Structure formats: structure tokens, C-alpha cells
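*Asks:* Just dropping this structure here.
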Amino acid sequence: MERFEAKWPVGTRQRLAFDLLLFTGLRRGDVMRLGRPHVRNGEFTIRPEKTGMVVIAPILLPLAASIAAAPTGELTFIATDRGRPFAKESFGRWFGKVCRKANCPGSAHGLRKAGARRAVEEGATESQLNALFGWADGSWESATDTRTANRAKLAREARSAPAPSSPVRDRRRKVFLKQGLKNPMVGPAGLEPATRPL
């Protein structure tokens, strides 16, 4: 994502497409239909093709800045050089070329996943993800994205916290080492094996 942003600055059609995909969480077919007629009071409202569930979500500040700076079509934000809306397949091909020019292996779907992950890392719940991305309640996507992001967050927190020490375990290890045993079998604190006469 950083390589793409470095190659295509705010104000280009390429960056607008990237920002729309990332900050709305819509599929490419829905992003291509999204335009000014869908926006009211800082929110967009659209009925996605795949699920048919109405999505009402805020236009985040970075996306609003990107829309304001880039050339757009009359009815859709993303338009061809001639100002006409893209067809779904031609948009997919165009966006793939744009990604390759930025030396990115990305895709429209990859940005949707990245947007979901960002939302979870910023504290979005499964229900909020379902509302933002137009997924049905109890959807597999929101549960998976929430679980994956939570696990990643927990792992990062675990790496930054010092490992707890166990005085019982440490004391026992010293006794074993004093007695000349190289590889003592010591369980976690509180679960030490019964002592045997040595």
C-alpha cells in the first residue's frame, strides 16, 4: 500500500480508485457505481450488487480529500479518461495495470480486505464490520477478519511485554544446575513434578 501511495499521489485517478476501495470497503463493481448521487450529509448510501443489503457509511476525511483533489465523472467518482463510468471487467484490468506500475501485487479485493483489517485494528466489532461492508449478520468474513486482526494485535502486545518470571521455577532450576544436571525437566510454576529423593 505504501508503494502504491508513493507512486500515485492524491489528485490522480489511480489514487482515487485506491482510496475508494480502501476507505469504503466496497467491491469493485459497487465502487465503480459510487458517485455524488449516493452522498448526503457526509455519508454514502448504496445497495451492493452481491448482497443487496443497504450500506450507509461515513466518507472518511482521507477519502473526502482524495475525491476533492481528483478528476471524477458526473455520476460516478471513478471514470474513464473520457469521463464515462468504467465497466466492471475493464476497471479490474485497468486497476491491475495501475498496481503493476507501482510494483504492487495488489488487487481491488486485496484493498477490501486491508480496509476490513484496518477497521478491526481501530476497534470495529463484527456487527460494525457487517454494517460497513454490507455483510450479513454472523457472516464468515467479519468473524474471520476480526479473529485474525485480534490475534495479530495480541501477538504484537505479547512481544512488547516482558516475559513473566517464575520464582519457584527459577529456584528449582538453580538447584538442578547446582547438582550437575544439564537439562532439568521443570514444568510451569505451580505444576512442578513431585520431588523425588536424589
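Each chain of the C-alpha cells is named A, B, ... in the order shown, its residues numbered from 1; ligands are numbered from 1 in display order.
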When you look at range 47-61 of chain A with a cut-off of 12 Å (counting only C-alpha atoms), what residues show up, excluding the ones that are within fewer than 2 positions of it in the same chain? I need them as a CSV table (one decimal) with N, CA and C atoms, in the first residue's frame.

*Replies:*
chain,number,residue,atom,x,y,z
A,19,ASP,N,-8.2,4.8,-2.9
A,19,ASP,CA,-8.8,5.3,-1.7
A,19,ASP,C,-10.2,4.9,-1.6
A,20,LEU,N,-11.0,4.9,-2.7
A,20,LEU,CA,-12.4,4.4,-2.7
A,20,LEU,C,-12.5,3.0,-2.2
A,21,LEU,N,-11.6,2.2,-2.8
A,21,LEU,CA,-11.6,0.7,-2.5
A,21,LEU,C,-11.2,0.5,-1.0
A,22,LEU,N,-10.2,1.2,-0.5
A,22,LEU,CA,-9.7,1.1,0.8
A,22,LEU,C,-10.7,1.6,1.9
A,23,PHE,N,-11.2,2.8,1.7
A,23,PHE,CA,-11.9,3.5,2.7
A,23,PHE,C,-13.4,3.3,2.7
A,24,THR,N,-13.9,2.7,1.6
A,24,THR,CA,-15.4,2.3,1.6
A,24,THR,C,-15.6,0.9,1.9
A,25,GLY,N,-14.6,0.0,1.6
A,25,GLY,CA,-14.8,-1.4,1.8
A,25,GLY,C,-15.7,-2.0,0.7
A,26,LEU,N,-16.1,-1.3,-0.3
A,26,LEU,CA,-17.0,-1.8,-1.3
A,26,LEU,C,-16.2,-2.7,-2.3
A,27,ARG,N,-17.0,-3.6,-2.9
A,27,ARG,CA,-16.4,-4.4,-4.0
A,27,ARG,C,-16.2,-3.5,-5.3
A,28,ARG,N,-15.4,-4.0,-6.2
A,28,ARG,CA,-15.1,-3.1,-7.3
A,28,ARG,C,-16.3,-2.7,-8.1
A,29,GLY,N,-17.3,-3.6,-8.3
A,29,GLY,CA,-18.5,-3.3,-9.0
A,29,GLY,C,-19.3,-2.2,-8.4
A,30,ASP,N,-19.3,-2.2,-7.1
A,30,ASP,CA,-20.0,-1.2,-6.3
A,30,ASP,C,-19.2,0.2,-6.3
A,31,VAL,N,-17.9,0.1,-6.1
A,31,VAL,CA,-17.1,1.3,-6.1
A,31,VAL,C,-17.2,2.0,-7.4
A,32,MET,N,-17.3,1.3,-8.5
A,32,MET,CA,-17.5,1.9,-9.8
A,32,MET,C,-18.8,2.6,-10.0
A,33,ARG,N,-19.8,2.2,-9.3
A,33,ARG,CA,-21.2,2.9,-9.4
A,33,ARG,C,-21.3,4.0,-8.4
A,34,LEU,N,-20.4,4.1,-7.4
A,34,LEU,CA,-20.5,5.1,-6.4
A,34,LEU,C,-20.2,6.5,-6.9
A,35,GLY,N,-21.0,7.5,-6.6
A,35,GLY,CA,-20.8,8.8,-7.1
A,35,GLY,C,-21.5,9.8,-6.2
A,36,ARG,N,-21.5,11.1,-6.6
A,36,ARG,CA,-22.2,12.1,-5.9
A,36,ARG,C,-23.6,11.9,-5.6
A,38,HIS,N,-24.9,9.3,-4.5
A,38,HIS,CA,-25.0,8.4,-3.4
A,38,HIS,C,-24.7,9.1,-2.1
A,39,VAL,N,-24.2,10.4,-2.1
A,39,VAL,CA,-23.7,11.1,-0.9
A,39,VAL,C,-24.6,12.1,-0.4
A,40,ARG,N,-24.8,12.1,0.9
A,40,ARG,CA,-25.6,13.1,1.6
A,40,ARG,C,-25.1,13.2,3.0
A,41,ASN,N,-24.9,14.4,3.4
A,41,ASN,CA,-24.5,14.7,4.8
A,41,ASN,C,-23.3,14.0,5.3
A,42,GLY,N,-22.3,13.9,4.4
A,42,GLY,CA,-21.0,13.2,4.7
A,42,GLY,C,-21.1,11.7,4.8
A,43,GLU,N,-22.2,11.1,4.3
A,43,GLU,CA,-22.3,9.6,4.2
A,43,GLU,C,-22.7,9.2,2.8
A,44,PHE,N,-22.3,8.0,2.5
A,44,PHE,CA,-22.7,7.4,1.2
A,44,PHE,C,-23.7,6.3,1.5
A,45,THR,N,-24.7,6.1,0.7
A,45,THR,CA,-25.7,5.1,0.8
A,45,THR,C,-25.7,4.3,-0.6
A,63,LEU,N,-10.6,10.1,2.4
A,63,LEU,CA,-11.3,9.8,1.2
A,63,LEU,C,-11.9,11.1,0.6
A,64,ALA,N,-12.5,11.9,1.5
A,64,ALA,CA,-13.1,13.2,1.1
A,64,ALA,C,-12.0,14.1,0.4
A,65,ALA,N,-10.8,14.1,1.0
A,65,ALA,CA,-9.7,14.9,0.4
A,65,ALA,C,-9.3,14.3,-1.0
A,66,SER,N,-9.3,13.0,-1.1
A,66,SER,CA,-9.0,12.4,-2.4
A,66,SER,C,-10.0,12.7,-3.5
A,67,ILE,N,-11.3,12.6,-3.1
A,67,ILE,CA,-12.4,12.9,-4.0
A,67,ILE,C,-12.3,14.4,-4.5
A,68,ALA,N,-12.1,15.3,-3.5
A,68,ALA,CA,-12.0,16.7,-3.9
A,68,ALA,C,-10.8,17.0,-4.8
A,88,LYS,N,-17.2,-3.2,-15.2
A,88,LYS,CA,-16.5,-3.9,-14.1
A,88,LYS,C,-15.2,-4.6,-14.6
A,119,ALA,N,-10.1,-1.5,10.0
A,119,ALA,CA,-11.3,-1.1,10.8
A,119,ALA,C,-11.2,-1.9,12.1
A,128,GLN,N,-20.2,-4.0,13.5
A,128,GLN,CA,-19.8,-2.8,12.8
A,128,GLN,C,-19.2,-3.1,11.4
A,129,LEU,N,-18.4,-4.2,11.4
A,129,LEU,CA,-17.9,-4.6,10.1
A,129,LEU,C,-19.0,-5.0,9.1
A,130,ASN,N,-20.0,-5.8,9.6
A,130,ASN,CA,-21.1,-6.2,8.8
A,130,ASN,C,-21.8,-5.0,8.2
A,131,ALA,N,-22.0,-3.9,9.0
A,131,ALA,CA,-22.7,-2.7,8.6
A,131,ALA,C,-21.9,-2.0,7.6
A,132,LEU,N,-20.6,-1.8,7.8
A,132,LEU,CA,-19.7,-1.1,6.9
A,132,LEU,C,-19.5,-1.8,5.6
A,133,PHE,N,-19.4,-3.1,5.6
A,133,PHE,CA,-19.0,-3.8,4.4
A,133,PHE,C,-20.2,-4.5,3.7
A,134,GLY,N,-21.4,-4.3,4.3
A,134,GLY,CA,-22.6,-4.9,3.7
A,134,GLY,C,-22.7,-6.4,3.8
A,135,TRP,N,-22.1,-7.0,4.8
A,135,TRP,CA,-22.1,-8.4,5.1
A,135,TRP,C,-23.3,-8.7,6.0
A,136,ALA,N,-23.8,-9.9,5.8
A,136,ALA,CA,-25.0,-10.4,6.6
A,136,ALA,C,-24.5,-10.6,8.1
A,137,ASP,N,-25.5,-10.4,9.0
A,137,ASP,CA,-25.1,-10.7,10.4
A,137,ASP,C,-24.6,-12.1,10.6
A,139,SER,N,-21.7,-13.1,9.5
A,139,SER,CA,-21.0,-13.5,8.3
A,139,SER,C,-19.7,-14.1,8.6

*Asks:* Mind listing the strand (DSSP E) residues of range 24-160 of chain A, per DSSP on the backbone, as a PyMOL selection string?

*Replies:* chain A and resi 39-40+43-46+55-58

*Asks:* Can you pull out every residue within 12 Å of Trp94 in chain A, counting only C-alpha atoms, but drop anything in the same chain fewer than 6 positions away, and send it as a VMD selection string?

*Replies:* chain A and resid 13 to 14 17 to 18 28 78 to 81 86 to 88 100 to 101 107 to 108

*Asks:* Provide the CA of Pro37 in chain A to CA of Leu75 in chain A distance in Å, to one decimal place.

*Replies:*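 It comes out at 6.7 Å.
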
*Asks:* Please measure the separation of CA of Ile46 in chain A and CA of Gly83 in chain A, giving the value in Å to one decimal.

*Replies:*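 These atoms are spaced 21.1 Å apart.
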
*Asks:* What is the CA of Ala102 in chain A-CA of Ala6 in chain A distance in Å, reported with one decimal?

*Replies:* 8.1 Å

*Asks:* Between A:Met1, A:Glu74, A:Glu126, A:Pro9, which is the closest to Asn103 in chain A once you count only C-alpha atoms?

*Replies:*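 With only C-alpha atoms as the atom set, the closest residue is A:Met1.
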
*Asks:* Between A:Arg112, A:Arg84, A:Arg15, A:Lys97, which residue has the minimum interatomic distance to Ala70 in chain A, considering only C-alpha atoms?

*Replies:* A:Arg15
